[in-house]
file coords_9.cif (mmCIF, C-alpha atoms)
data_work
loop_
_atom_site.label_atom_id
_atom_site.label_comp_id
_atom_site.auth_asym_id
_atom_site.auth_seq_id
_atom_site.Cartn_x
_atom_site.Cartn_y
_atom_site.Cartn_z
CA MET A 1 186.88 74.90 19.69
CA ASN A 2 185.72 78.43 20.22
CA SER A 3 184.14 80.72 17.61
CA LYS A 4 187.54 81.57 16.11
CA GLY A 5 188.48 77.94 15.52
CA VAL A 6 191.02 77.82 18.36
CA LYS A 7 190.99 74.96 20.78
CA ASN A 8 190.46 75.95 24.40
CA LYS A 9 193.18 74.50 26.52
CA VAL A 10 192.13 74.33 30.12
CA VAL A 11 194.84 73.19 32.44
CA THR A 12 193.56 72.03 35.77
CA PHE A 13 195.66 73.06 38.71
CA GLU A 14 195.37 70.45 41.43
CA ARG A 15 196.17 71.73 44.87
CA GLY A 16 197.23 69.23 47.46
CA ALA A 17 196.37 68.87 51.10
CA GLU A 18 199.58 70.64 52.14
CA PHE A 19 198.59 73.71 50.13
CA TYR A 20 195.22 73.94 51.88
CA PHE A 21 196.75 73.24 55.28
CA ASP A 22 199.35 75.97 54.82
CA LEU A 23 196.67 78.39 53.66
CA GLY A 24 194.52 77.47 56.66
CA TYR A 25 197.47 77.97 58.99
CA LYS A 26 198.02 81.48 57.58
CA TYR A 27 194.41 82.31 58.39
CA ILE A 28 194.85 80.92 61.91
CA GLN A 29 197.79 83.28 62.41
CA ARG A 30 195.59 86.18 61.28
CA GLY A 31 192.89 85.14 63.74
CA LYS A 32 190.40 84.23 61.00
CA LEU A 33 189.46 80.85 62.39
CA LYS A 34 186.30 80.23 60.38
CA THR A 35 188.16 80.76 57.11
CA ALA A 36 191.03 78.65 58.40
CA LEU A 37 188.61 75.86 59.26
CA ARG A 38 187.35 75.72 55.67
CA TYR A 39 190.87 75.24 54.33
CA ILE A 40 191.90 72.75 57.00
CA GLU A 41 188.73 70.74 56.27
CA LYS A 42 189.66 70.73 52.58
CA ALA A 43 193.14 69.41 53.48
CA VAL A 44 191.59 66.71 55.68
CA ASP A 45 189.19 65.74 52.88
CA LEU A 46 192.13 65.29 50.52
CA LYS A 47 194.18 63.28 53.04
CA PRO A 48 191.73 61.71 55.50
CA HIS A 49 194.31 59.28 56.93
CA ASP A 50 196.90 61.92 57.78
CA GLY A 51 197.13 62.03 61.57
CA PHE A 52 198.91 65.40 61.60
CA LEU A 53 196.20 67.08 59.52
CA GLN A 54 193.45 65.42 61.56
CA PHE A 55 195.10 66.47 64.84
CA ASN A 56 195.33 70.09 63.75
CA TYR A 57 191.74 69.94 62.53
CA ALA A 58 190.66 68.68 65.96
CA GLY A 59 192.59 71.49 67.63
CA LEU A 60 190.93 74.11 65.47
CA LEU A 61 187.51 72.62 66.17
CA ALA A 62 188.19 72.76 69.91
CA GLU A 63 189.47 76.32 69.58
CA GLN A 64 186.13 77.26 68.05
CA GLY A 65 184.18 75.51 70.80
CA ASP A 66 183.14 72.40 68.88
CA ILE A 67 184.48 70.06 71.55
CA ASN A 68 182.27 67.12 70.58
CA GLN A 69 183.45 67.04 66.97
CA SER A 70 187.03 67.65 68.05
CA THR A 71 186.75 64.66 70.37
CA GLU A 72 185.36 62.49 67.56
CA VAL A 73 188.32 63.42 65.34
CA LEU A 74 190.85 62.65 68.10
CA VAL A 75 189.21 59.31 68.90
CA ASN A 76 189.29 58.45 65.20
CA ILE A 77 193.01 59.20 65.08
CA VAL A 78 193.92 56.93 68.00
CA LYS A 79 191.55 54.15 66.95
CA ASN A 80 191.94 54.15 63.17
CA ILE A 81 194.90 56.23 62.03
CA ASP A 82 197.75 56.34 64.54
CA PRO A 83 197.37 54.91 68.06
CA ASP A 84 200.85 56.25 68.85
CA TYR A 85 199.96 59.90 68.22
CA MET A 86 200.61 60.82 71.85
CA GLU A 87 199.31 64.39 71.72
CA CYS A 88 195.87 63.02 70.86
CA TYR A 89 195.58 61.42 74.29
CA PHE A 90 196.42 64.72 75.95
CA GLY A 91 193.93 66.49 73.66
CA LEU A 92 191.25 63.96 74.56
CA GLY A 93 191.95 64.54 78.24
CA CYS A 94 191.50 68.28 77.73
CA ASN A 95 188.35 67.86 75.66
CA TYR A 96 186.70 65.56 78.18
CA LEU A 97 187.66 67.99 80.93
CA GLN A 98 185.87 70.77 79.04
CA LEU A 99 182.86 68.47 78.69
CA GLN A 100 183.04 67.92 82.47
CA LYS A 101 183.63 64.22 82.05
CA ILE A 102 186.08 63.83 84.91
CA LYS A 103 186.52 60.06 84.69
CA LYS A 104 187.16 60.07 80.91
CA SER A 105 189.47 63.05 81.23
CA SER A 106 191.53 61.32 83.92
CA GLU A 107 191.64 58.16 81.83
CA TYR A 108 193.14 59.92 78.81
CA PHE A 109 195.64 61.98 80.82
CA SER A 110 196.76 58.71 82.44
CA ILE A 111 197.11 56.98 79.05
CA TYR A 112 199.15 59.93 77.81
CA LEU A 113 201.50 59.76 80.79
CA GLU A 114 201.76 55.97 80.56
CA LYS A 115 202.64 56.05 76.86
CA ASP A 116 204.82 59.18 76.94
CA PRO A 117 205.99 59.92 80.51
CA ASP A 118 208.48 62.52 79.29
CA GLY A 119 206.21 63.94 76.60
CA GLU A 120 205.76 67.57 75.73
CA PHE A 121 202.65 67.86 77.94
CA ALA A 122 203.67 65.46 80.74
CA GLU A 123 203.94 68.16 83.39
CA GLU A 124 200.56 69.63 82.47
CA ALA A 125 198.96 66.16 82.40
CA GLU A 126 200.31 65.39 85.88
CA GLU A 127 199.00 68.69 87.25
CA LEU A 128 195.60 68.17 85.65
CA LEU A 129 195.39 64.61 86.97
CA GLU A 130 196.14 65.91 90.45
CA MET A 131 193.40 68.53 90.11
CA LEU A 132 190.95 65.93 88.77
CA SER A 133 191.76 63.66 91.69
CA MET A 134 190.87 66.47 94.11
CA ILE A 135 187.63 67.07 92.22
CA LYS A 136 186.77 63.37 92.36
CA ASP A 137 187.49 63.32 96.09
CA ALA A 138 185.32 66.40 96.63
CA ASN A 139 182.56 64.73 94.65
CA ASN A 140 182.78 61.41 96.53
CA ASN A 141 184.24 59.69 93.45
CA MET A 142 180.92 59.98 91.61
CA ASP A 143 180.97 58.94 88.00
CA ASP A 144 180.51 61.35 85.12
CA GLU A 145 176.84 60.52 84.60
CA GLU A 146 175.98 61.27 88.23
CA LEU A 147 177.94 64.50 88.09
CA GLU A 148 176.19 65.50 84.87
CA LYS A 149 172.82 65.16 86.62
CA ILE A 150 174.10 67.41 89.40
CA TYR A 151 175.47 69.98 86.94
CA LYS A 152 172.09 70.07 85.22
CA ILE A 153 170.32 70.75 88.52
CA GLU A 154 172.87 73.48 89.28
CA GLU A 155 172.20 75.08 85.89
CA GLU A 156 168.46 74.99 86.58
CA ALA A 157 169.06 76.62 89.96
CA ILE A 158 171.10 79.38 88.35
CA GLU A 159 168.35 79.94 85.76
CA HIS A 160 165.85 80.32 88.61
CA LEU A 161 168.18 82.82 90.28
CA GLU A 162 168.42 84.83 87.07
CA LYS A 163 164.61 84.92 86.92
CA ARG A 164 164.53 85.94 90.60
CA GLU A 165 162.70 82.74 91.49
CA TYR A 166 164.58 82.38 94.75
CA GLU A 167 162.46 79.69 96.35
CA LYS A 168 162.81 77.39 93.32
CA ALA A 169 166.54 78.14 93.14
CA THR A 170 166.97 77.31 96.82
CA LYS A 171 165.22 73.96 96.40
CA LYS A 172 167.48 73.08 93.46
CA PHE A 173 170.61 74.03 95.39
CA GLU A 174 169.43 71.99 98.38
CA THR A 175 169.05 69.00 96.05
CA VAL A 176 172.63 69.51 94.87
CA VAL A 177 173.89 69.65 98.46
CA LYS A 178 172.07 66.41 99.29
CA MET A 179 173.57 64.74 96.21
CA LEU A 180 177.05 66.09 97.04
CA PRO A 181 177.58 65.79 100.76
CA ASN A 182 181.03 67.34 100.45
CA ALA A 183 179.64 70.51 98.83
CA VAL A 184 180.05 73.56 101.00
#

call {"tool": "encode", "arguments": {"input": "coords_9.cif", "output": "structure tokens"}}
result
Amino acid sequence: MNSKGVKNKVVTFERGAEFYFDLGYKYIQRGKLKTALRYIEKAVDLKPHDGFLQFNYAGLLAEQGDINQSTEVLVNIVKNIDPDYMECYFGLGCNYLQLQKIKKSSEYFSIYLEKDPDGEFAEEAEELLEMLSMIKDANNNMDDEELEKIYKIEEEAIEHLEKREYEKATKKFETVVKMLPNAV
């Protein structure tokens, strides 16, 4: 009761996951991705086993450059929520490609095409697989870990170039050429 002897009636207004998702989507359309992410996360918190919400959350994370977390969400969907959510396999292929994990990327594009050969992204998956095959051939079919080492050395060489340390940069690039005989 308040000071006037009247009972306070507080009615709680529960908003569901769909409400927060729709609100988040409106912010996406306005280009306010950080705000959208907050609402999509709220929707995901309310319905953690909803593959659709999780998939859209992963997409928004990737859009904002958080590829690692996006990948974790997609892997969780296919392992724990819905192994038949085909678009997740394509998304994983794209994420691993952005992370320069050629072997993993190829693996997920192949799974996508195997499970859904006429799927919405089948043509893109085929084209990307073809491109990845050419990259693997150019890199002597090296695995992702070996390629990561090479990319790191390349980054170091570029840093030396930016600092005008040409001799150091040249040595790094020579190392890359030795590691990648097909590099030109």

call {"tool": "atom_distance", "arguments": {"input": "coords_9.cif", "atom1": "atom CA of A:Ala138", "atom2": "atom CA of A:Glu155"}}
result
19.0 Å

call {"tool": "atom_distance", "arguments": {"input": "coords_9.cif", "atom1": "atom CA of A:Ile158", "atom2": "atom CA of A:Asn95"}}
result
24.3 Å

call {"tool": "closest_residue", "arguments": {"input": "coords_9.cif", "among": "A:Met131, A:Ile150, A:Arg164, A:Lys79", "to": "A:Leu180", "atoms": "all atoms listed in the file"}}
result
A:Ile150

call {"tool": "residues_near_point", "arguments": {"input": "coords_9.cif", "point": "(194.6, 68.8, 56.2)", "cutoff": "6 Å", "atoms": "all atoms listed in the file", "output": "PyMOL selection string"}}
result
chain A and resi 17+21+40+43-44+53

call {"tool": "residues_around", "arguments": {"input": "coords_9.cif", "residues": "A:Arg38", "least_positions_apart": "4", "cutoff": "12 Å", "atoms": "all atoms listed in the file", "output": "list in words"}}
result
Tyr20, Phe21, Leu23, Gly24, Tyr25, Tyr27, Ile28, Lys32, Leu33, Lys34, Lys42, Ala43, Val44, Asp45, Tyr57, Leu60 and Leu61 of chain A

call {"tool": "resolve_selection", "arguments": {"input": "coords_9.cif", "expression": "the PyMOL selection byres ((chain A and resi 51) around 9)", "output": "compact mmCIF listing (two decimals) with C-alpha atoms, keeping the file's coordinate frame"}}
result
# COMPACT_ATOMS: atom_id res chain seq x y z
CA PRO A 48 191.73 61.71 55.50
CA HIS A 49 194.31 59.28 56.93
CA ASP A 50 196.90 61.92 57.78
CA PHE A 52 198.91 65.40 61.60
CA LEU A 53 196.20 67.08 59.52
CA GLN A 54 193.45 65.42 61.56
CA PHE A 55 195.10 66.47 64.84
CA ASN A 56 195.33 70.09 63.75
CA ILE A 77 193.01 59.20 65.08
CA VAL A 78 193.92 56.93 68.00
CA ILE A 81 194.90 56.23 62.03
CA ASP A 82 197.75 56.34 64.54
CA TYR A 85 199.96 59.90 68.22

call {"tool": "axis_aligned_box", "arguments": {"input": "coords_9.cif", "around": "stretch 120-139 of chain A", "padding_each_side": "5 Å", "output": "lines of an AutoDock Vina configuration file"}}
result
center_x = 194.2
center_y = 66.5
center_z = 86.2
size_x = 33.2
size_y = 16.3
size_z = 30.9

call {"tool": "residues_around", "arguments": {"input": "coords_9.cif", "residues": "stretch 169-177 of chain A", "least_positions_apart": "5", "cutoff": "10 Å", "atoms": "all atoms listed in the file", "output": "list of chain:residue names"}}
result
A:Leu147, A:Lys149, A:Ile150, A:Tyr151, A:Lys152, A:Ile153, A:Glu154, A:Glu155, A:Glu156, A:Ala157, A:Ile158, A:Glu159, A:His160, A:Leu161, A:Glu162, A:Lys163, A:Arg164, A:Asn182, A:Ala183, A:Val184

call {"tool": "write_last_selection", "arguments": {"input": "coords_9.cif", "atoms": "C-alpha atoms", "output": "compact mmCIF listing (two decimals), keeping the file's coordinate frame"}}
result
# COMPACT_ATOMS: atom_id res chain seq x y z
CA LEU A 147 177.94 64.50 88.09
CA LYS A 149 172.82 65.16 86.62
CA ILE A 150 174.10 67.41 89.40
CA TYR A 151 175.47 69.98 86.94
CA LYS A 152 172.09 70.07 85.22
CA ILE A 153 170.32 70.75 88.52
CA GLU A 154 172.87 73.48 89.28
CA GLU A 155 172.20 75.08 85.89
CA GLU A 156 168.46 74.99 86.58
CA ALA A 157 169.06 76.62 89.96
CA ILE A 158 171.10 79.38 88.35
CA GLU A 159 168.35 79.94 85.76
CA HIS A 160 165.85 80.32 88.61
CA LEU A 161 168.18 82.82 90.28
CA GLU A 162 168.42 84.83 87.07
CA LYS A 163 164.61 84.92 86.92
CA ARG A 164 164.53 85.94 90.60
CA ASN A 182 181.03 67.34 100.45
CA ALA A 183 179.64 70.51 98.83
CA VAL A 184 180.05 73.56 101.00

call {"tool": "closest_residue", "arguments": {"input": "coords_9.cif", "among": "A:Ser133, A:Asn80, A:Thr35, A:Gln29", "to": "A:Ser110", "atoms": "only C-alpha atoms"}}
result
A:Ser133

call {"tool": "residues_around", "arguments": {"input": "coords_9.cif", "residues": "A:Glu114", "least_positions_apart": "4", "cutoff": "12 Å", "atoms": "all atoms listed in the file", "output": "number ranges by chain"}}
result
A: 84, 86, 89-90, 107-110, 118-119, 122, 125-126

call {"tool": "atom_distance", "arguments": {"input": "coords_9.cif", "atom1": "atom CA of A:Asp144", "atom2": "atom CA of A:Tyr166"}}
result
28.1 Å

call {"tool": "resolve_selection", "arguments": {"input": "coords_9.cif", "expression": "the PyMOL selection byres ((chain A and resi 102) around 8)", "output": "PyMOL selection string"}}
result
chain A and resi 96-97+100-101+103-106+132+136+143-144

call {"tool": "residues_around", "arguments": {"input": "coords_9.cif", "residues": "A:Thr71", "least_positions_apart": "3", "cutoff": "9 Å", "atoms": "only C-alpha atoms", "output": "PyMOL selection string"}}
result
chain A and resi 58+62+66-68+74-76+91-92+95-96

call {"tool": "decode", "arguments": {"input": "coords_9.cif", "residues": "stretch 83-99 of chain A", "atoms": "all heavy atoms", "output": "compact mmCIF listing (two decimals), in the first residue's frame"}}
result
# COMPACT_ATOMS: atom_id res chain seq x y z
N PRO A 83 20.87 -30.50 -36.64
CA PRO A 83 21.90 -30.89 -37.62
C PRO A 83 21.43 -30.77 -39.07
O PRO A 83 22.23 -30.85 -39.99
CB PRO A 83 22.21 -32.35 -37.26
CG PRO A 83 21.07 -32.80 -36.43
CD PRO A 83 20.46 -31.59 -35.80
N ASP A 84 20.13 -30.55 -39.27
CA ASP A 84 19.60 -30.41 -40.63
C ASP A 84 19.37 -28.95 -41.02
O ASP A 84 18.69 -28.67 -42.00
CB ASP A 84 18.29 -31.20 -40.76
CG ASP A 84 18.53 -32.70 -40.64
OD1 ASP A 84 19.57 -33.18 -41.14
OD2 ASP A 84 17.69 -33.38 -40.02
N TYR A 85 19.92 -28.03 -40.27
CA TYR A 85 19.82 -26.61 -40.62
C TYR A 85 20.91 -26.34 -41.66
O TYR A 85 22.03 -25.97 -41.35
CB TYR A 85 20.02 -25.73 -39.38
CG TYR A 85 19.37 -24.37 -39.49
CD1 TYR A 85 18.53 -23.89 -38.49
CD2 TYR A 85 19.61 -23.54 -40.59
CE1 TYR A 85 17.95 -22.64 -38.58
CE2 TYR A 85 19.03 -22.30 -40.69
CZ TYR A 85 18.19 -21.85 -39.68
OH TYR A 85 17.61 -20.61 -39.78
N MET A 86 20.54 -26.56 -42.92
CA MET A 86 21.51 -26.57 -44.02
C MET A 86 22.32 -25.29 -44.15
O MET A 86 23.52 -25.34 -44.42
CB MET A 86 20.79 -26.84 -45.35
CG MET A 86 20.14 -28.19 -45.45
SD MET A 86 21.30 -29.52 -45.17
CE MET A 86 20.48 -30.38 -43.86
N GLU A 87 21.67 -24.15 -43.97
CA GLU A 87 22.37 -22.88 -44.14
C GLU A 87 23.54 -22.73 -43.18
O GLU A 87 24.49 -22.01 -43.46
CB GLU A 87 21.40 -21.70 -43.98
CG GLU A 87 20.39 -21.57 -45.09
CD GLU A 87 19.15 -22.47 -44.90
OE1 GLU A 87 19.09 -23.26 -43.93
OE2 GLU A 87 18.25 -22.39 -45.75
N CYS A 88 23.49 -23.44 -42.06
CA CYS A 88 24.59 -23.38 -41.09
C CYS A 88 25.88 -23.92 -41.70
O CYS A 88 26.97 -23.39 -41.44
CB CYS A 88 24.25 -24.16 -39.82
SG CYS A 88 22.98 -23.39 -38.82
N TYR A 89 25.77 -24.96 -42.49
CA TYR A 89 26.97 -25.55 -43.11
C TYR A 89 27.59 -24.55 -44.10
O TYR A 89 28.81 -24.41 -44.16
CB TYR A 89 26.64 -26.87 -43.79
CG TYR A 89 26.16 -27.91 -42.80
CD1 TYR A 89 24.80 -28.19 -42.65
CD2 TYR A 89 27.07 -28.59 -41.99
CE1 TYR A 89 24.37 -29.13 -41.72
CE2 TYR A 89 26.64 -29.52 -41.05
CZ TYR A 89 25.28 -29.78 -40.93
OH TYR A 89 24.86 -30.70 -40.00
N PHE A 90 26.73 -23.89 -44.85
CA PHE A 90 27.24 -22.87 -45.77
C PHE A 90 27.88 -21.73 -44.98
O PHE A 90 28.97 -21.27 -45.30
CB PHE A 90 26.11 -22.33 -46.68
CG PHE A 90 26.60 -21.33 -47.67
CD1 PHE A 90 27.26 -21.74 -48.81
CD2 PHE A 90 26.41 -19.97 -47.46
CE1 PHE A 90 27.73 -20.81 -49.74
CE2 PHE A 90 26.87 -19.04 -48.37
CZ PHE A 90 27.53 -19.46 -49.52
N GLY A 91 27.22 -21.30 -43.90
CA GLY A 91 27.76 -20.24 -43.05
C GLY A 91 29.10 -20.63 -42.45
O GLY A 91 30.02 -19.80 -42.38
N LEU A 92 29.21 -21.88 -42.02
CA LEU A 92 30.49 -22.35 -41.48
C LEU A 92 31.57 -22.33 -42.55
O LEU A 92 32.72 -21.95 -42.28
CB LEU A 92 30.33 -23.75 -40.89
CG LEU A 92 29.67 -23.78 -39.51
CD1 LEU A 92 29.19 -25.18 -39.16
CD2 LEU A 92 30.63 -23.26 -38.45
N GLY A 93 31.21 -22.72 -43.76
CA GLY A 93 32.18 -22.66 -44.86
C GLY A 93 32.68 -21.24 -45.07
O GLY A 93 33.88 -21.00 -45.22
N CYS A 94 31.75 -20.29 -45.05
CA CYS A 94 32.12 -18.88 -45.23
C CYS A 94 32.97 -18.38 -44.08
O CYS A 94 33.98 -17.68 -44.29
CB CYS A 94 30.86 -18.02 -45.35
SG CYS A 94 29.93 -18.30 -46.88
N ASN A 95 32.58 -18.73 -42.85
CA ASN A 95 33.35 -18.28 -41.69
C ASN A 95 34.77 -18.82 -41.72
O ASN A 95 35.73 -18.08 -41.48
CB ASN A 95 32.66 -18.70 -40.39
CG ASN A 95 31.51 -17.79 -40.01
OD1 ASN A 95 31.17 -16.85 -40.73
ND2 ASN A 95 30.88 -18.07 -38.89
N TYR A 96 34.91 -20.11 -41.99
CA TYR A 96 36.25 -20.69 -42.03
C TYR A 96 37.07 -20.09 -43.16
O TYR A 96 38.29 -19.95 -43.03
CB TYR A 96 36.20 -22.21 -42.11
CG TYR A 96 35.90 -22.84 -40.77
CD1 TYR A 96 34.76 -23.62 -40.58
CD2 TYR A 96 36.75 -22.66 -39.68
CE1 TYR A 96 34.48 -24.19 -39.34
CE2 TYR A 96 36.48 -23.22 -38.44
CZ TYR A 96 35.34 -23.99 -38.28
OH TYR A 96 35.07 -24.54 -37.05
N LEU A 97 36.41 -19.74 -44.25
CA LEU A 97 37.12 -19.08 -45.34
C LEU A 97 37.66 -17.73 -44.87
O LEU A 97 38.82 -17.39 -45.13
CB LEU A 97 36.19 -18.91 -46.55
CG LEU A 97 36.80 -18.27 -47.78
CD1 LEU A 97 38.02 -19.05 -48.27
CD2 LEU A 97 35.75 -18.19 -48.89
N GLN A 98 36.85 -16.98 -44.14
CA GLN A 98 37.31 -15.69 -43.61
C GLN A 98 38.45 -15.88 -42.62
O GLN A 98 39.30 -15.00 -42.50
CB GLN A 98 36.16 -14.94 -42.95
CG GLN A 98 35.23 -14.29 -43.94
CD GLN A 98 34.32 -13.30 -43.27
OE1 GLN A 98 33.60 -13.64 -42.35
NE2 GLN A 98 34.36 -12.07 -43.75
N LEU A 99 38.44 -16.99 -41.91
CA LEU A 99 39.52 -17.27 -40.96
C LEU A 99 40.73 -17.89 -41.65
O LEU A 99 41.69 -18.28 -40.99
CB LEU A 99 39.00 -18.21 -39.85
CG LEU A 99 37.94 -17.62 -38.93
CD1 LEU A 99 37.33 -18.72 -38.06
CD2 LEU A 99 38.52 -16.51 -38.07
